[in-house]
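So the structure is just underneath, and the comments pick up after that.
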Number of protein chains: 2
Amino acid sequence: MIRAARARLEGHARRTPLLSSPFLDEIAGRRVLIKPECLQHTGSFKYRGARSAVSALDPDTRAHGVIAFSSGNHAQGVALAASQFGVPCVIIMPADAPRLKIDNTRALGAEVVLYDRATEDRDALGAALSSERGLTLIKPFDEPQVIAGQGTVGLEIAEDAHALGIESADVLICCGGGGLTSGIALALEAEAPGLRARPVEPEGFDDTARSLRLGRIRRNARLSGSLCDAIITPQPGALTFPIMARLCGPGIVVSEIEAMRAMAQAFQRLKLVAEPGGAVALAAALFHGNEIAGEAVIAIISGGNVDAAIFCDALSLPG
Amino acid sequence: MIRAARARLEGHARRTPLLSSPFLDEIAGRRVLIKPECLQHTGSFKYRGARSAVSALDPDTRAHGVIAFSSGNHAQGVALAASQFGVPCVIIMPADAPRLKIDNTRALGAEVVLYDRATEDRDALGAALSSERGLTLIKPFDEPQVIAGQGTVGLEIAEDAHALGIESADVLICCGGGGLTSGIALALEAEAPGLRARPVEPEGFDDTARSLRLGRIRRNARLSGSLCDAIITPQPGALTFPIMARLCGPGIVVSEIEAMRAMAQAFQRLKLVAEPGGAVALAAALFHGNEIAGEAVIAIISGGNVDAAIFCDALSLPG
């Protein structure tokens with residue numbers, strides 16, 4: 001399925017490179033290779049899964065349109081994918097979502113439907129719209145074709161690591177619901193079995209690390225209040241967790257300050273814009289070296305959709 | 001020479017992609033394709049020319065080492081190229097150069113020799129060091145192998161534009177001494193004659209635009225005081241100017257504010273860090289559309305070595 005997704009993404013998703021800097025190698029004490037999915041269309045890897053899922057629909061179903069619940073990167077990915085197929089797209093967002101995210105999603109051609117978190121039931125609203133208009137729900141991670149699309153990141157890593165002679169390394173992955181992590185883990189199992197997927201999460205939202213340690217799904221106590229909002233989910237997915245439990249190494253947990261410091265390093269050494277949640281894997285590579293095995297490490301920057309104010313806060317931290 | 005430089009850079013210089021965003025297309029009123037040389041090693045295209053020149057030296061000459069005068073991107077490019085060949089590298093910088101640039105150049109393995117702008121003669125100092133140690137001077141732009149190295153950017157643009165079906169477009173190039181501009185112009189002449197190189201400069205430092213208009217080399221009145229310091233030179237080069245005069249379209253001049261606004265767009269829409277001088281071509285694409293011909297335009301972001309304070313100033317400008 002991942003290979004088939006890659007064929008459907010060909011010519012649409014950007015094939016991102018592996019970047020590096022001797023300055024980052026020095027901080028980490030090993031070779032660090034960065035996969036910059038912030039350079040993907042819409043500024044995050046989410047476009048891959050969205051395009052994979054929308055392109056996998058049968059054309060008659062797709063023609064009725066798609067719907068997604070998201071105020072973030074998934075919304076923009078689904079909106080762009082739907083617009084490329086010329087089909088309707090409804091994105092359901094809380095009315096208090098940032099204006100910029102609402103505007104960006106609309107600008108990508110989606111109809112944004114706002115709901116009041118306090119008084120309205122999001123799922124009921126979505127179900128009503130879906131049945132009325134025949135829209136297909138595109139889930140953010142617990143959906144096979146979304147996982148397959150995210151897995152294309154793993155195929156590219158396998159190829160590029162092989163070309164660099166790296167046959168054994170940890171691959172650090174910013175982890176929310178686990179779509180990206182499980183997709184990459186499956187791709188590496190098939191194409192680069194010496195590379196091991198490892199989820200990375202922010203402190204206080206380490207549901208995947210705890211779930212992997214205990215062998216069963218655990219929830220986060222809180223669901224908001226993190227700068228790393230792009231990768232905060234209640235718990236690992238029903239589809240993604242068994243894959244991660246079978247294939248992934250232990251999770252790594254980083255602090256928000258470490259994520260911000262990683263953003264500053266990405267700015268200074270790679271000329272890349274990372275969002276806080278998108279920088280946690282690089283933070284683990286740079287600042288948690290004692291939890292990592294091997295002479296090289298591969299870290300994914302999963303997205304770059306961050307407000308200027310937060311970005312500049314990160315740049316102002318002492319080195 | 002450009003094709004030979006490309007062969008020498010193979011596996012060393014990054015092959016940068018062409019990026020795009022529907023939001024930038026909308027601002028520009030046409031399709032905008034961005035060549036992000038800020039993602040090149042050392043954060044600017046300068047590594048290409050430096051590596052080309054150092055790799056073209058005969059091995060016995062190279063073994064004695066190289067020397068360059070630079071406080072900026074050229075210094076870092078030469079330092080990295082020399083360190084990759086394991087040969088000595090001396091970089092002569094003014095003693096009042098920013099500490100970060102001195103440190104970065106040293107970290108790349110170069111010996112940094114500082115001089116006092118008020119009391120010391122830079123050229124005499126360099127000549128003494130060169131003859132004493134047998135160092136070869138790597139000039140920043142007026143040197144055939146440097147021009148050839150920068151020209152590899154043009155070969156990549158020609159290939160990618162062709163793959164996208166773009167046979168006719170202006171290629172906007174951040175222009176200082178003209179090494180990048182003349183190298184790209186030569187590559188396009190050979191490989192994509194429908195693409196036209198056009199230098200872009202900041203207001204007050206438009207020596208190339210004026211020189212092209214008058215058909216002879218003109219100097220800038222001032223040599224400092226621009227945020228776009230990375231691309232400020234006294235005048236076009238003796239080698240680069242005749243090439244530009246034969247092959248380039250008219251120069252475009254942008255304001256510093258336009259360059260800063262382009263930096264903010266690169267942050268928001270491309271997730272890239274551009275330095276002010278590196279953003280002038282994107283600024284021309286976005287804000288000088290009436291000076292550009294065709295349905296598509298290609299703009300180079302030439303570098304991303306910018307201090308956090310200046311970067312955040314750019315992000316704080318009103319949209």
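Identifiers for the structure tokens are assigned positionally: chains receive A, B, ... in sequence, residues are indexed from 1 per chain, and ligands are indexed from 1 in the order shown.
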Might you pull out every residue within 9 Å of Lys271 of chain A, with only C-alpha atoms counted and same-chain residues fewer than 5 positions away left off, and present them as a tab-separated table (two decimals) with C-alpha atoms, in the first residue's frame?
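Okay, result21.tsv is ready:
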chain	number	residue	atom	x	y	z
A	265	GLN	CA	19.23	25.40	15.46
A	266	ALA	CA	17.12	24.61	12.37
B	38	CYS	CA	19.78	29.01	1.28
B	39	LEU	CA	19.57	25.22	1.65
B	43	GLY	CA	23.66	28.46	3.80
B	271	LYS	CA	9.29	27.59	5.49
B	272	LEU	CA	12.63	28.97	4.37
B	273	VAL	CA	15.05	31.37	6.02
B	274	ALA	CA	16.27	34.02	3.56
B	303	GLY	CA	21.38	32.68	0.98
B	304	GLY	CA	19.94	32.43	4.47
B	305	ASN	CA	22.70	33.66	6.78
Can you write out as a tab-separated table which residues of chain A fall within 10 Å of chain B, alongside each residue's closest atom pair and its distance in Å to one decimal, counting only C-alpha atoms and ordering rows by chain and ascending residue number?
residue	atom	partner	partner_atom	distance
A:Arg14	CA	B:Leu19	CA	8.7
A:Arg15	CA	B:Pro17	CA	9.2
A:Thr16	CA	B:Pro17	CA	8.9
A:Pro17	CA	B:Thr16	CA	8.9
A:Leu18	CA	B:Arg14	CA	9.8
A:Leu19	CA	B:Leu39	CA	8.3
A:Ser20	CA	B:His41	CA	8.3
A:Ser21	CA	B:His41	CA	7.6
A:Pro22	CA	B:Leu108	CA	8.1
A:Phe23	CA	B:Ala107	CA	8.1
A:Pro36	CA	B:Lys271	CA	9.7
A:Glu37	CA	B:Lys271	CA	9.8
A:Cys38	CA	B:Lys271	CA	6.3
A:Leu39	CA	B:Lys271	CA	6.3
A:Gln40	CA	B:Leu270	CA	8.7
A:His41	CA	B:Ser21	CA	7.6
A:Thr42	CA	B:Arg269	CA	7.9
A:Gly43	CA	B:Lys271	CA	6.8
A:Ser44	CA	B:Lys271	CA	9.7
A:Leu80	CA	B:Pro22	CA	9.9
A:Asn104	CA	B:Phe23	CA	9.0
A:Ala107	CA	B:Phe23	CA	8.1
A:Leu108	CA	B:Pro22	CA	8.1
A:Ala264	CA	B:Ala308	CA	8.8
A:Ala266	CA	B:Val273	CA	9.5
A:Phe267	CA	B:Val273	CA	6.7
A:Gln268	CA	B:Asn305	CA	7.4
A:Arg269	CA	B:Gly43	CA	7.5
A:Leu270	CA	B:Leu39	CA	6.5
A:Lys271	CA	B:Val273	CA	4.7
A:Leu272	CA	B:Leu272	CA	5.0
A:Val273	CA	B:Lys271	CA	4.7
A:Ala274	CA	B:Lys271	CA	7.4
A:Glu275	CA	B:Lys271	CA	9.5
A:Gly303	CA	B:Lys271	CA	8.7
A:Gly304	CA	B:Lys271	CA	5.8
A:Asn305	CA	B:Gln268	CA	7.4
A:Val306	CA	B:Gln268	CA	8.0
A:Asp307	CA	B:Gln268	CA	8.3
A:Ala308	CA	B:Leu315	CA	6.1
A:Ala309	CA	B:Ser316	CA	8.3
A:Phe311	CA	B:Cys312	CA	8.5
A:Cys312	CA	B:Cys312	CA	6.0
A:Asp313	CA	B:Cys312	CA	9.5
A:Ala314	CA	B:Ala308	CA	9.7
A:Leu315	CA	B:Ala308	CA	6.1
A:Ser316	CA	B:Ala308	CA	7.5
May I have the residues from that selection written out with C-alpha atoms, as a PDB file, in the first residue's frame?
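The result, written out as result-v9.pdb:
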ATOM      1  CA  ARG A  14       7.695  16.899  -2.990  1.00  0.00           C
ATOM      2  CA  ARG A  15      10.498  14.424  -2.575  1.00  0.00           C
ATOM      3  CA  THR A  16      12.300  16.029   0.340  1.00  0.00           C
ATOM      4  CA  PRO A  17      16.079  15.569   0.713  1.00  0.00           C
ATOM      5  CA  LEU A  18      18.190  14.571   3.728  1.00  0.00           C
ATOM      6  CA  LEU A  19      20.009  17.668   5.017  1.00  0.00           C
ATOM      7  CA  SER A  20      22.891  17.998   7.450  1.00  0.00           C
ATOM      8  CA  SER A  21      25.230  20.470   9.116  1.00  0.00           C
ATOM      9  CA  PRO A  22      28.587  19.878  10.772  1.00  0.00           C
ATOM     10  CA  PHE A  23      27.399  22.169  13.586  1.00  0.00           C
ATOM     11  CA  PRO A  36      12.601  18.462   6.157  1.00  0.00           C
ATOM     12  CA  GLU A  37       8.896  17.779   5.660  1.00  0.00           C
ATOM     13  CA  CYS A  38       8.310  21.430   6.503  1.00  0.00           C
ATOM     14  CA  LEU A  39       9.205  21.891   2.828  1.00  0.00           C
ATOM     15  CA  GLN A  40       6.296  19.662   1.784  1.00  0.00           C
ATOM     16  CA  HIS A  41       3.269  21.317   0.157  1.00  0.00           C
ATOM     17  CA  THR A  42       1.138  23.104   2.807  1.00  0.00           C
ATOM     18  CA  GLY A  43       4.180  23.103   5.107  1.00  0.00           C
ATOM     19  CA  SER A  44       3.848  19.639   6.611  1.00  0.00           C
ATOM     20  CA  LEU A  80      -5.102  21.087  -1.189  1.00  0.00           C
ATOM     21  CA  ASN A 104      -5.271  29.550   4.797  1.00  0.00           C
ATOM     22  CA  ALA A 107      -7.545  29.996   0.424  1.00  0.00           C
ATOM     23  CA  LEU A 108      -6.743  26.395  -0.497  1.00  0.00           C
ATOM     24  CA  ALA A 264      16.642  27.905  16.695  1.00  0.00           C
ATOM     25  CA  ALA A 266      17.116  24.610  12.371  1.00  0.00           C
ATOM     26  CA  PHE A 267      16.944  28.356  11.675  1.00  0.00           C
ATOM     27  CA  GLN A 268      20.639  28.962  12.155  1.00  0.00           C
ATOM     28  CA  ARG A 269      22.165  25.818  10.668  1.00  0.00           C
ATOM     29  CA  LEU A 270      19.636  24.551   8.140  1.00  0.00           C
ATOM     30  CA  LYS A 271      17.766  27.746   7.146  1.00  0.00           C
ATOM     31  CA  LEU A 272      14.519  25.927   7.825  1.00  0.00           C
ATOM     32  CA  VAL A 273      11.378  27.013   9.637  1.00  0.00           C
ATOM     33  CA  ALA A 274      10.169  24.313  12.034  1.00  0.00           C
ATOM     34  CA  GLU A 275       7.043  24.529  14.194  1.00  0.00           C
ATOM     35  CA  GLY A 303       6.073  20.752   9.783  1.00  0.00           C
ATOM     36  CA  GLY A 304       6.784  24.466   9.730  1.00  0.00           C
ATOM     37  CA  ASN A 305       3.426  26.132  10.287  1.00  0.00           C
ATOM     38  CA  VAL A 306       4.249  28.447  13.163  1.00  0.00           C
ATOM     39  CA  ASP A 307       3.313  32.010  14.011  1.00  0.00           C
ATOM     40  CA  ALA A 308       6.067  34.603  13.757  1.00  0.00           C
ATOM     41  CA  ALA A 309       5.748  35.507  17.448  1.00  0.00           C
ATOM     42  CA  PHE A 311       9.168  31.480  16.121  1.00  0.00           C
ATOM     43  CA  CYS A 312      10.935  34.611  17.315  1.00  0.00           C
ATOM     44  CA  ASP A 313      10.512  33.531  20.934  1.00  0.00           C
ATOM     45  CA  ALA A 314      12.436  30.390  20.009  1.00  0.00           C
ATOM     46  CA  LEU A 315      15.196  32.390  18.309  1.00  0.00           C
ATOM     47  CA  SER A 316      15.589  34.590  21.365  1.00  0.00           C
TER      48      SER A 316
END
- request: Check the DSSP output for the backbone and give back, as a ChimeraX atom specification, the residues of segment 15-104 of chain A in alpha helix (DSSP H).
  value: /A:22-28,46-56,59-64,73-85,99-104
message: Taking 4 positions as the minimum chain separation for residues in the same chain, which residues sit within 10 Å of segment 184-192 of chain A when counting only C-alpha atoms? Answer as a PyMOL selection string.
response: chain A and resi 1-3+147-159+161-162+166-169+171+173+178-180+196-199+243-244+246-249
Saved selection, atoms kept: C-alpha atoms, as a compact mmCIF listing (two decimals), in the first residue's frame:
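part15.txt was written with the following content:
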# COMPACT_ATOMS: atom_id res chain seq x y z
CA MET A 1 0.00 0.00 0.00
CA ILE A 2 2.85 2.41 0.74
CA ARG A 3 4.42 1.73 -2.65
CA ILE A 147 -0.80 5.80 6.99
CA ALA A 148 0.33 4.57 3.56
CA GLY A 149 0.80 8.15 2.36
CA GLN A 150 2.87 9.10 5.40
CA GLY A 151 4.86 5.89 4.88
CA THR A 152 6.24 7.33 1.64
CA VAL A 153 8.49 9.43 3.87
CA GLY A 154 10.00 6.13 5.06
CA LEU A 155 10.61 4.87 1.51
CA GLU A 156 12.55 8.06 0.72
CA ILE A 157 14.55 7.80 3.94
CA ALA A 158 15.41 4.17 3.18
CA GLU A 159 16.69 5.11 -0.28
CA ALA A 161 20.19 6.38 3.89
CA HIS A 162 21.27 3.49 1.70
CA ILE A 166 23.83 4.21 6.55
CA GLU A 167 22.44 0.75 7.18
CA SER A 168 21.83 1.04 10.91
CA ALA A 169 20.37 4.07 12.72
CA VAL A 171 14.87 7.35 12.82
CA ILE A 173 9.71 10.87 14.28
CA GLY A 178 1.04 7.85 15.06
CA GLY A 179 0.16 8.02 11.37
CA LEU A 180 3.59 9.24 10.34
CA ARG A 196 14.47 1.72 13.61
CA ALA A 197 11.52 4.09 13.93
CA ARG A 198 11.22 5.90 17.25
CA PRO A 199 8.40 8.24 18.21
CA ILE A 243 2.07 -1.24 14.20
CA MET A 244 4.19 0.96 16.49
CA ARG A 246 5.48 -4.29 16.84
CA LEU A 247 8.09 -2.17 15.04
CA CYS A 248 9.18 0.91 17.00
CA GLY A 249 11.92 1.41 19.53
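The space between atom CA of Ile138 of chain A and atom CA of His64 of chain A spans 13.1 Å.
By chain and then residue number, the residues within 8 Å of Val32 of chain A are Ser20, Ser21, Leu24, Asp25, Ala285, Ala296, Val297, Ile298 and Ala299 of chain A, counting only C-alpha atoms and disregarding those fewer than 5 positions away in sequence.
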The selected residues should be written to file as a PDB file, in the first residue's frame (atoms: C-alpha atoms).
ATOM      1  CA  SER A  20      22.891  17.998   7.450  1.00  0.00           C
ATOM      2  CA  SER A  21      25.230  20.470   9.116  1.00  0.00           C
ATOM      3  CA  LEU A  24      24.469  19.891  14.365  1.00  0.00           C
ATOM      4  CA  ASP A  25      26.735  16.831  14.234  1.00  0.00           C
ATOM      5  CA  ALA A 285      18.630  14.005  18.153  1.00  0.00           C
ATOM      6  CA  ALA A 296      24.203   8.371  12.827  1.00  0.00           C
ATOM      7  CA  VAL A 297      20.661   9.471  13.553  1.00  0.00           C
ATOM      8  CA  ILE A 298      17.895  10.554  11.212  1.00  0.00           C
ATOM      9  CA  ALA A 299      15.351  13.128  12.455  1.00  0.00           C
TER      10      ALA A 299
END
Taking the backbone alone, and naming residues the way the document does, which bits of segment 31-164 of chain A are strand (DSSP E or B) by DSSP, as a PDB file with C-alpha atoms, in the first residue's frame?
ATOM      1  CA  ARG A  31      26.083  12.398  12.362  1.00  0.00           C
ATOM      2  CA  VAL A  32      22.614  13.962  12.128  1.00  0.00           C
ATOM      3  CA  LEU A  33      20.495  13.759   8.978  1.00  0.00           C
ATOM      4  CA  ILE A  34      17.325  15.808   8.753  1.00  0.00           C
ATOM      5  CA  LYS A  35      14.281  15.041   6.607  1.00  0.00           C
ATOM      6  CA  PRO A  36      12.601  18.462   6.157  1.00  0.00           C
ATOM      7  CA  SER A  44       3.848  19.639   6.611  1.00  0.00           C
ATOM      8  CA  VAL A  66     -14.500  15.006   1.305  1.00  0.00           C
ATOM      9  CA  ILE A  67     -14.699  16.275   4.875  1.00  0.00           C
ATOM     10  CA  ALA A  68     -12.187  16.522   7.703  1.00  0.00           C
ATOM     11  CA  PHE A  69     -12.099  17.708  11.305  1.00  0.00           C
ATOM     12  CA  CYS A  89     -13.980  19.873   0.588  1.00  0.00           C
ATOM     13  CA  VAL A  90     -15.525  20.749   3.935  1.00  0.00           C
ATOM     14  CA  ILE A  91     -13.267  21.386   6.919  1.00  0.00           C
ATOM     15  CA  ILE A  92     -14.880  21.575  10.342  1.00  0.00           C
ATOM     16  CA  MET A  93     -13.002  23.841  12.741  1.00  0.00           C
ATOM     17  CA  PRO A  94     -13.706  25.324  16.134  1.00  0.00           C
ATOM     18  CA  GLU A 111     -15.414  25.369   2.708  1.00  0.00           C
ATOM     19  CA  VAL A 112     -14.688  25.989   6.392  1.00  0.00           C
ATOM     20  CA  VAL A 113     -17.581  25.244   8.740  1.00  0.00           C
ATOM     21  CA  LEU A 114     -17.084  26.688  12.211  1.00  0.00           C
ATOM     22  CA  TYR A 115     -18.671  25.266  15.342  1.00  0.00           C
ATOM     23  CA  THR A 136     -16.253  11.039   2.649  1.00  0.00           C
ATOM     24  CA  LEU A 137     -14.504  11.566   5.980  1.00  0.00           C
TER      25      LEU A 137
END
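Going from atom CA of Lys101 of chain B over to atom CA of Val146 of chain B, you cover 21.5 Å.
Remark: for Ile252 of chain B, the closest of the candidate residues B:Ala281, B:Ala110, B:Ile27, B:Ala13 is B:Ala281 (distances computed over only C-alpha atoms).
Near Ser226 of chain B, within 9 Å and counting only C-alpha atoms, sit Pro202, Glu203, Gly204, Phe205, Ile232, Glu256 and Gly277 of chain B; same-chain residues fewer than 4 positions away were not included.
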Okay, now the selection with N, CA and C atoms, as a PDB file, in the first residue's frame?
ATOM      1  N   PRO B 202      19.495  45.733  -4.446  1.00  0.00           N
ATOM      2  CA  PRO B 202      18.784  46.639  -3.547  1.00  0.00           C
ATOM      3  C   PRO B 202      19.002  48.104  -3.948  1.00  0.00           C
ATOM      4  N   GLU B 203      18.011  48.923  -3.661  1.00  0.00           N
ATOM      5  CA  GLU B 203      18.091  50.368  -3.908  1.00  0.00           C
ATOM      6  C   GLU B 203      19.368  50.963  -3.340  1.00  0.00           C
ATOM      7  N   GLY B 204      19.997  51.832  -4.095  1.00  0.00           N
ATOM      8  CA  GLY B 204      21.208  52.498  -3.615  1.00  0.00           C
ATOM      9  C   GLY B 204      22.474  51.709  -3.926  1.00  0.00           C
ATOM     10  N   PHE B 205      22.300  50.464  -4.346  1.00  0.00           N
ATOM     11  CA  PHE B 205      23.452  49.597  -4.650  1.00  0.00           C
ATOM     12  C   PHE B 205      23.191  48.887  -5.977  1.00  0.00           C
ATOM     13  N   ILE B 232      26.447  43.244  -1.585  1.00  0.00           N
ATOM     14  CA  ILE B 232      26.966  44.584  -1.891  1.00  0.00           C
ATOM     15  C   ILE B 232      28.425  44.477  -2.338  1.00  0.00           C
ATOM     16  N   GLU B 256      14.693  47.931   0.427  1.00  0.00           N
ATOM     17  CA  GLU B 256      14.965  47.050   1.571  1.00  0.00           C
ATOM     18  C   GLU B 256      13.680  46.527   2.186  1.00  0.00           C
ATOM     19  N   GLY B 277      19.730  40.212   1.539  1.00  0.00           N
ATOM     20  CA  GLY B 277      20.288  40.194   0.188  1.00  0.00           C
ATOM     21  C   GLY B 277      19.836  38.979  -0.605  1.00  0.00           C
TER      22      GLY B 277
END
- request: Rank nothing, just name the residue among A:Pro88, A:Pro234, A:Pro193, A:Gly251 nearest to Leu135 of chain A, using only C-alpha atoms.
  value: A:Pro88
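In terms of minimum interatomic distance to Ala82 of chain B, B:Ala50 ranks closest within B:Ala124, B:Ala95, B:Ala50, B:Ile300, counting only C-alpha atoms.
Considering only C-alpha atoms, the residue among A:Asp170, A:Asp58, A:Asp142, A:Asp96 positioned nearest to Val200 of chain A is A:Asp170.
Pairwise distance (atom CA of Gly72 of chain A, atom CA of Lys46 of chain A) equals 9.6 Å.
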field: Thr208 of chain A environment, 8 Å, only C-alpha atoms, sequence neighbours closer than 6 positions dropped, as a VMD selection string
entry: chain A and resid 175 to 176 178 199 201 217 to 218 235 to 236 241 251
- prompt: Which residue, A:Arg133, A:Leu239, A:Ser71, A:Phe141, has the smallest gap to Arg48 of chain A when you use only C-alpha atoms?
  reply: A:Phe141
